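Please read the structure below before turning to the comments.
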Amino acid sequence: MTKATTLTEVIENNRAVPRVLTYLEGENDTQEVPFAELYERALGILFHLQRIGARRGDKLILLLANNEQFIDVFWAAILGGIVPVPVALGISDEHRHKLLRIARRLGSPFIYTERRSLERIGAFAAQAGESQVFEGLRQRAFLVDDLDDISRAGTVQRVSTDDTAFIQFSSGSTSEPKGVVLTHGNILANCYGSTEAAGFNENDVSLSWMPLTHDMGLIGFHLIMFANRVHTHLLPTELFIRRPLLWLTFAARVRATILCSPNFGYKHYLKVLGERAVESLDLSAVRLIFNGAEPISVGLCDEFLTRMAPAKLARNAMYPVYGLAEASLAVSFPPVGAPMRTIALNRHRMNVGDPVELIAAHDPHAVQIICEGKPIPYCRVRIAGVDDVELPEDRIGHVHMSGDNVTRGYYEDPEANAQAFTADGWLRTGDLGLMHGGELYISGRAKEIIFVNGQNYYPHDLETISQRVPGLELGKVVAAGVPAPGGQLEQLVVFVLHRGSMPDFLPLATQVARLINEQTGLEVAEVVPVKRIPKTTSGKIQRHLLEEGHANGEFDAERKELTALRLAQRGPAAGSLTALEEKLKAICEAALEGKPVDINDNLFEIGASSLKLIEIHEQVDHEYPGKVDLTELFDFPTIAELAAHLQSKLVQA
């Protein structure tokens, strides 16, 4: 890649290069945008941003679902010295609440979004008592719906390597989200280091479905690829969720050399693939398939590679990596072409400071972890004890990092910065790991973050939501990540302090599951009653003890009793259903595989995650085009209610 000191220089150096970005909107729907046109579009949008008052250093919230619109305005902001702040659109109230919290934290940001999205935020703000924050946003909003002329160019503003390029906020929902501030120098150091380690070049072809609000999507599969003049293909995340098989169909079609996915994406693909043959796919061009963004499952990697072997996907293409937003994405990469390497540790010898005990992978006490390589150039990693002093090899400890790619801190958050950095300037990642043979292995996490579907969820956020249920208070409810059956992915289990009867607990459990599901779109696998909440002497909840108790069958009796009560509560099967109810019931049961659905069941109470809602809506829209909006599933959460609503729409039509 050509040398540059700012992202402004990157796009200026590329504007005369005869390459294109390709947006994949459907099976036979593609849009190509030449680099030169991207530059002209960005200048045209910058004119409008500057006309509404956005100046160098101002913050611009990007709230967009469309990849092409996002990329255009991102570069417009960069050229104007305006600081983009990507925020996921989402479909729940908690996503909207997060946006308003970010807006308040930023002070007086501008926002670039669609009219429909802005109206929904406004309606929510009115209900939530946040009208003042929203009114400030509305006055500084530019709606992409109004973008009808980009013939006039804005004025490019020169920036330095130490200027802020953009701010990426954490996924905090009920607490204040933290804004990771990344400079132009941070991002370009990451670009150069990643390129040296992985060998990106102009002959590569990349394909990504990761959201551009995620660091792997924006930095890894747009900025780094664009800087290296790679032919980049972007697939909408929602399209992957609805039709995951298109991912590798496109990869074979465009002869992609670089792909990516977190754990849940591989699992989602394999589930929908089922027993279909893959011999018609030719993935022999793939040299790297990045695996990151959440803890990496060794078993799932093996399953995916074995399943895709007939499609000529090389086993050494799997590329497990470690990174985080605070590192401008990448921290460590394995050698290109190296086989996937794992070690098995004794799960009982994995505390901070412990010398690791290597055991056989088939040992009942074994935990398999995967090699995530060496630190990329311009980045350093150390394993430290609780005293922040570096530990020798083969000792479990806290993963620290430093380097040109590492953020200097969180946006206007001195408390978070004090906690994040050591006295000698290293950033605490919150993860636990070890160095073995000079390479990094991540063994767990010190921060109690739950990883589900490629996203981070903070337990205290989910617990705060649960506490809205009458009778639940702080310290009486604990959210935890527990391995799903098969141990490949995590699922959310909520433990609730309850010393009464199971019939009394059932409605409480139902309310907790529904609230979390409605507010976050996250499926609650189980709500489990416990007689005590284990805590340290200082009062800190010991989640790991509840997780271990669940895994060891400590709560099996209560779980079985609750299951029996739920079945009894359903009563006899419903009588005759209308044809419309039958069709909607079949759609819901297909999406919620293995879960019988009664027409009066609330979808949120029986675990319809946001991904499942998208699947259900896709099928409903296929059968009845344009009749039901995705958000209406929140308003009519049972099959009976949805059928009645849909019937009224059909009658009107």
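Ligands are numbered from 1 in the order shown, residues from 1 within each chain, and chains are lettered A, B, ... in the order they appear in the structure tokens.
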*Residues near Glu641 (chain A), cut-off 12 Å, only C-alpha atoms, skip fewer than 3 positions along chain, as an MDAnalysis selection string*: chainID A and resid 580:581 584:585 598:603 632:638 644:648
Preceding selection exported with C-alpha atoms as a tab-separated table (two decimals), in the first residue's frame:
```
chain	number	residue	atom	x	y	z
A	580	LEU	CA	-53.72	-17.43	7.82
A	581	GLU	CA	-52.95	-18.57	11.37
A	584	LEU	CA	-47.97	-17.90	10.20
A	585	LYS	CA	-47.61	-20.74	12.71
A	598	ASP	CA	-49.01	-21.90	20.12
A	599	ILE	CA	-50.86	-19.09	18.34
A	600	ASN	CA	-51.24	-17.26	21.67
A	601	ASP	CA	-47.58	-17.56	22.67
A	602	ASN	CA	-45.71	-14.27	22.93
A	603	LEU	CA	-42.72	-14.67	20.59
A	632	GLU	CA	-44.92	-4.42	13.84
A	633	LEU	CA	-43.79	-7.78	15.22
A	634	PHE	CA	-43.18	-5.87	18.47
A	635	ASP	CA	-46.74	-4.52	18.39
A	636	PHE	CA	-48.37	-7.88	17.52
A	637	PRO	CA	-46.09	-10.46	19.22
A	638	THR	CA	-48.44	-13.49	19.04
A	644	ALA	CA	-55.70	-10.44	12.90
A	645	HIS	CA	-53.57	-7.42	12.02
A	646	LEU	CA	-52.51	-8.92	8.71
A	647	GLN	CA	-56.07	-9.95	7.89
A	648	SER	CA	-57.24	-6.35	8.32
```
*Mind checking which residues fall within 9 Å of region 287-294 of chain A, counting only C-alpha atoms, ignoring those fewer than 4 positions away in the same chain, and posting them as a PyMOL selection string?*
chain A and resi 198+215-216+256-264+301+313-314+316-324+336-337+451-456
So that I can see what lies close to region 520-527 of chain A, please list as an mmCIF file with C-alpha atoms, in the first residue's frame the residues with an atom at most 6 Å from it, counting only C-alpha atoms and leaving out residues fewer than 5 positions away in the same chain.
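Saved result, selection-v1.cif, follows:
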```cif
data_model
loop_
_atom_site.group_PDB
_atom_site.id
_atom_site.type_symbol
_atom_site.label_atom_id
_atom_site.label_comp_id
_atom_site.auth_asym_id
_atom_site.auth_seq_id
_atom_site.Cartn_x
_atom_site.Cartn_y
_atom_site.Cartn_z
ATOM 1 C CA GLU A 94 -32.447 -0.021 23.763
ATOM 2 C CA LEU A 492 -27.683 -16.228 27.838
ATOM 3 C CA VAL A 493 -28.902 -17.660 31.132
ATOM 4 C CA VAL A 494 -30.437 -15.413 33.797
ATOM 5 C CA PHE A 495 -30.260 -16.543 37.430
ATOM 6 C CA ALA A 509 -39.255 -15.936 34.643
ATOM 7 C CA ALA A 513 -37.204 -13.301 29.372
ATOM 8 C CA GLY A 607 -37.082 -16.826 22.828
ATOM 9 C CA SER A 609 -34.164 -13.283 19.148
ATOM 10 C CA SER A 610 -33.744 -10.340 16.795
#
```
*Nearest to Arg468 (chain A) among A:Thr422, A:Gln31, A:Asn346, A:Gln519, with distances taken over only C-alpha atoms: which residue is it?*
A:Gln519
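If only C-alpha atoms are the atoms counted, then among A:Val389, A:Ile533, A:Ala420, A:Leu24 the closest residue to Val180 (chain A) is A:Ala420.
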For region 217-229 of chain A, please output as a PDB file with N, CA and C atoms, in the first residue's frame all residues within 8 Å (counting only C-alpha atoms; exclusion window: fewer than 4 positions along the same chain).
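The file below, part.pdb, is the result:
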```
ATOM      1  N   MET A   1       0.837  -1.188   0.000  1.00  0.00           N
ATOM      2  CA  MET A   1       0.000   0.000   0.000  1.00  0.00           C
ATOM      3  C   MET A   1       0.877   1.245   0.000  1.00  0.00           C
ATOM      4  N   THR A   2       0.360   2.319  -0.612  1.00  0.00           N
ATOM      5  CA  THR A   2       1.117   3.563  -0.654  1.00  0.00           C
ATOM      6  C   THR A   2       1.145   4.191   0.733  1.00  0.00           C
ATOM      7  N   VAL A  10      -5.176   8.935   2.032  1.00  0.00           N
ATOM      8  CA  VAL A  10      -5.500   7.627   1.452  1.00  0.00           C
ATOM      9  C   VAL A  10      -6.508   7.777   0.319  1.00  0.00           C
ATOM     10  N   ILE A  11      -7.612   8.499   0.565  1.00  0.00           N
ATOM     11  CA  ILE A  11      -8.627   8.615  -0.483  1.00  0.00           C
ATOM     12  C   ILE A  11      -8.137   9.506  -1.621  1.00  0.00           C
ATOM     13  N   ASN A  14      -6.005   7.466  -3.860  1.00  0.00           N
ATOM     14  CA  ASN A  14      -6.734   6.421  -4.589  1.00  0.00           C
ATOM     15  C   ASN A  14      -7.701   6.950  -5.643  1.00  0.00           C
ATOM     16  N   ARG A  19      -9.963   1.318  -9.852  1.00  0.00           N
ATOM     17  CA  ARG A  19     -10.543   0.207  -9.107  1.00  0.00           C
ATOM     18  C   ARG A  19     -11.959   0.576  -8.685  1.00  0.00           C
ATOM     19  N   ILE A 187      -5.137   4.360  13.053  1.00  0.00           N
ATOM     20  CA  ILE A 187      -5.740   3.517  12.014  1.00  0.00           C
ATOM     21  C   ILE A 187      -4.709   3.140  10.950  1.00  0.00           C
ATOM     22  N   CYS A 191      -3.317  -0.376   9.672  1.00  0.00           N
ATOM     23  CA  CYS A 191      -3.312  -0.765   8.255  1.00  0.00           C
ATOM     24  C   CYS A 191      -1.950  -1.309   7.842  1.00  0.00           C
ATOM     25  N   THR A 195      -1.176  -5.225   7.058  1.00  0.00           N
ATOM     26  CA  THR A 195      -0.746  -5.528   5.689  1.00  0.00           C
ATOM     27  C   THR A 195       0.566  -6.295   5.683  1.00  0.00           C
ATOM     28  N   PHE A 200      -1.715  -8.368   2.442  1.00  0.00           N
ATOM     29  CA  PHE A 200      -2.757  -7.842   1.555  1.00  0.00           C
ATOM     30  C   PHE A 200      -2.109  -7.143   0.358  1.00  0.00           C
ATOM     31  N   ASN A 201      -2.730  -7.279  -0.808  1.00  0.00           N
ATOM     32  CA  ASN A 201      -2.176  -6.650  -2.009  1.00  0.00           C
ATOM     33  C   ASN A 201      -3.273  -6.410  -3.034  1.00  0.00           C
ATOM     34  N   GLU A 202      -2.937  -5.743  -4.117  1.00  0.00           N
ATOM     35  CA  GLU A 202      -3.920  -5.346  -5.126  1.00  0.00           C
ATOM     36  C   GLU A 202      -4.514  -6.532  -5.879  1.00  0.00           C
ATOM     37  N   SER A 206     -11.771  -9.138  -1.651  1.00  0.00           N
ATOM     38  CA  SER A 206     -12.372  -9.378  -0.333  1.00  0.00           C
ATOM     39  C   SER A 206     -13.890  -9.358  -0.416  1.00  0.00           C
ATOM     40  N   LEU A 207     -14.519 -10.037   0.553  1.00  0.00           N
ATOM     41  CA  LEU A 207     -15.979 -10.082   0.666  1.00  0.00           C
ATOM     42  C   LEU A 207     -16.330 -10.104   2.141  1.00  0.00           C
ATOM     43  N   SER A 208     -17.215  -9.205   2.551  1.00  0.00           N
ATOM     44  CA  SER A 208     -17.590  -9.124   3.958  1.00  0.00           C
ATOM     45  C   SER A 208     -19.072  -8.845   4.100  1.00  0.00           C
ATOM     46  N   TRP A 209     -19.690  -9.484   5.125  1.00  0.00           N
ATOM     47  CA  TRP A 209     -21.064  -9.170   5.500  1.00  0.00           C
ATOM     48  C   TRP A 209     -21.120  -8.497   6.867  1.00  0.00           C
ATOM     49  N   MET A 210     -19.966  -8.244   7.462  1.00  0.00           N
ATOM     50  CA  MET A 210     -19.925  -7.628   8.787  1.00  0.00           C
ATOM     51  C   MET A 210     -20.460  -6.199   8.717  1.00  0.00           C
ATOM     52  N   PRO A 211     -21.196  -5.754   9.733  1.00  0.00           N
ATOM     53  CA  PRO A 211     -21.736  -4.390   9.701  1.00  0.00           C
ATOM     54  C   PRO A 211     -20.622  -3.349   9.739  1.00  0.00           C
ATOM     55  N   LEU A 212     -20.842  -2.234   9.055  1.00  0.00           N
ATOM     56  CA  LEU A 212     -19.844  -1.175   9.019  1.00  0.00           C
ATOM     57  C   LEU A 212     -19.787  -0.400  10.328  1.00  0.00           C
ATOM     58  N   THR A 213     -20.704  -0.661  11.244  1.00  0.00           N
ATOM     59  CA  THR A 213     -20.623  -0.082  12.581  1.00  0.00           C
ATOM     60  C   THR A 213     -19.726  -0.918  13.498  1.00  0.00           C
ATOM     61  N   SER A 328      -7.558  -0.253  17.240  1.00  0.00           N
ATOM     62  CA  SER A 328      -7.906   0.083  15.850  1.00  0.00           C
ATOM     63  C   SER A 328      -8.169  -1.194  15.065  1.00  0.00           C
ATOM     64  N   LEU A 329      -8.458  -2.262  15.771  1.00  0.00           N
ATOM     65  CA  LEU A 329      -8.850  -3.588  15.292  1.00  0.00           C
ATOM     66  C   LEU A 329      -7.823  -4.666  15.615  1.00  0.00           C
TER      67      LEU A 329
END
```
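Here CA of Ala608 (chain A) and CA of Phe250 (chain A) stand 28.6 Å from one another.
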Env of Gly626 (chain A): 12 Å cut, atoms = only C-alpha atoms, seq-sep filter 5 positions within chain, self excluded. Answer as an mmCIF file with N, CA and C atoms, in the first residue's frame.
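Full text of out17.cif as output:
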```cif
data_model
loop_
_atom_site.group_PDB
_atom_site.id
_atom_site.type_symbol
_atom_site.label_atom_id
_atom_site.label_comp_id
_atom_site.auth_asym_id
_atom_site.auth_seq_id
_atom_site.Cartn_x
_atom_site.Cartn_y
_atom_site.Cartn_z
ATOM 1 N N HIS A 617 -39.928 -12.300 9.709
ATOM 2 C CA HIS A 617 -40.434 -11.204 8.881
ATOM 3 C C HIS A 617 -40.138 -11.436 7.414
ATOM 4 N N GLU A 618 -38.945 -11.968 7.115
ATOM 5 C CA GLU A 618 -38.585 -12.233 5.721
ATOM 6 C C GLU A 618 -39.591 -13.183 5.062
ATOM 7 N N GLN A 619 -39.983 -14.229 5.787
ATOM 8 C CA GLN A 619 -40.922 -15.196 5.217
ATOM 9 C C GLN A 619 -42.342 -14.624 5.115
ATOM 10 N N VAL A 620 -42.733 -13.835 6.131
ATOM 11 C CA VAL A 620 -44.051 -13.199 6.070
ATOM 12 C C VAL A 620 -44.107 -12.232 4.893
ATOM 13 N N ASP A 621 -43.032 -11.471 4.715
ATOM 14 C CA ASP A 621 -42.986 -10.505 3.618
ATOM 15 C C ASP A 621 -42.962 -11.204 2.263
ATOM 16 N N GLU A 632 -43.566 -4.040 13.421
ATOM 17 C CA GLU A 632 -44.918 -4.416 13.837
ATOM 18 C C GLU A 632 -44.941 -5.755 14.574
ATOM 19 N N LEU A 646 -52.760 -8.679 10.133
ATOM 20 C CA LEU A 646 -52.507 -8.918 8.712
ATOM 21 C C LEU A 646 -53.811 -9.081 7.940
ATOM 22 N N LYS A 649 -55.224 -5.806 7.058
ATOM 23 C CA LYS A 649 -54.483 -5.201 5.942
ATOM 24 C C LYS A 649 -54.923 -5.809 4.609
ATOM 25 N N LEU A 650 -55.105 -7.128 4.606
ATOM 26 C CA LEU A 650 -55.508 -7.811 3.373
ATOM 27 C C LEU A 650 -56.920 -7.393 2.954
ATOM 28 N N ALA A 653 -56.755 -4.012 1.425
ATOM 29 C CA ALA A 653 -56.177 -4.070 0.081
ATOM 30 C C ALA A 653 -57.197 -4.576 -0.930
#
```
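Across A:Leu515, A:Ala36, A:Leu106, A:Ala4, the tightest approach to Lys178 (chain A) is made by A:Leu106 when counting only C-alpha atoms.
CA of Leu611 (chain A) sits 13.9 Å away from CA of Pro236 (chain A).
For the choices A:Gln69, A:Gly44, A:Val144, A:His214, the atom-to-atom distance to Pro86 (chain A) is smallest for A:His214 when using only C-alpha atoms.
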*Mind checking which residues fall within 7 Å of Glu463 (chain A), counting only C-alpha atoms, ignoring those fewer than 5 positions away in the same chain, and posting them as a VMD selection string?*
chain A and resid 477 to 479
*Every residue of region 161-358 of chain A that DSSP places in strand (DSSP E or B), as an MDAnalysis selection string*: chainID A and resid 164:169 179:183 205:208 231:234 258:261 288:291 318:320 322:324 329:333 342:346 355 358
*Would you list, as a list in words, the residues of region 167-226 of chain A that end up in alpha helix (DSSP H) under DSSP run on this structure's backbone?*
His184, Gly185, Asn186, Ile187, Leu188, Ala189, Asn190, Cys191, Tyr192, Gly193, Ser194, Thr195, Glu196, Ala197, Ala198, Asp215, Ile224, Met225 and Phe226 of chain A
Would you save the residues of that selection, restricted to C-alpha atoms, as an mmCIF file, in the first residue's frame?
```
data_model
loop_
_atom_site.group_PDB
_atom_site.id
_atom_site.type_symbol
_atom_site.label_atom_id
_atom_site.label_comp_id
_atom_site.auth_asym_id
_atom_site.auth_seq_id
_atom_site.Cartn_x
_atom_site.Cartn_y
_atom_site.Cartn_z
ATOM 1 C CA HIS A 184 -5.571 8.868 11.756
ATOM 2 C CA GLY A 185 -2.203 7.632 13.004
ATOM 3 C CA ASN A 186 -3.792 4.791 15.008
ATOM 4 C CA ILE A 187 -5.740 3.517 12.014
ATOM 5 C CA LEU A 188 -2.885 3.780 9.531
ATOM 6 C CA ALA A 189 -0.474 2.032 11.922
ATOM 7 C CA ASN A 190 -3.015 -0.775 12.056
ATOM 8 C CA CYS A 191 -3.312 -0.765 8.255
ATOM 9 C CA TYR A 192 0.461 -1.000 7.791
ATOM 10 C CA GLY A 193 0.899 -3.630 10.508
ATOM 11 C CA SER A 194 -1.972 -5.781 9.268
ATOM 12 C CA THR A 195 -0.746 -5.528 5.689
ATOM 13 C CA GLU A 196 2.781 -6.602 6.611
ATOM 14 C CA ALA A 197 1.454 -9.545 8.631
ATOM 15 C CA ALA A 198 -1.222 -10.805 6.221
ATOM 16 C CA ASP A 215 -14.571 -2.473 13.739
ATOM 17 C CA ILE A 224 -7.591 -1.629 5.235
ATOM 18 C CA MET A 225 -8.859 -3.111 1.965
ATOM 19 C CA PHE A 226 -9.367 0.337 0.432
#
```
*Show which residues sit within 9 Å of Phe240 (chain A), as number ranges by chain. Count only C-alpha atoms, and ignore same-chain residues fewer than 4 positions away.*
A: 209-210, 235-236, 244-247, 265, 269
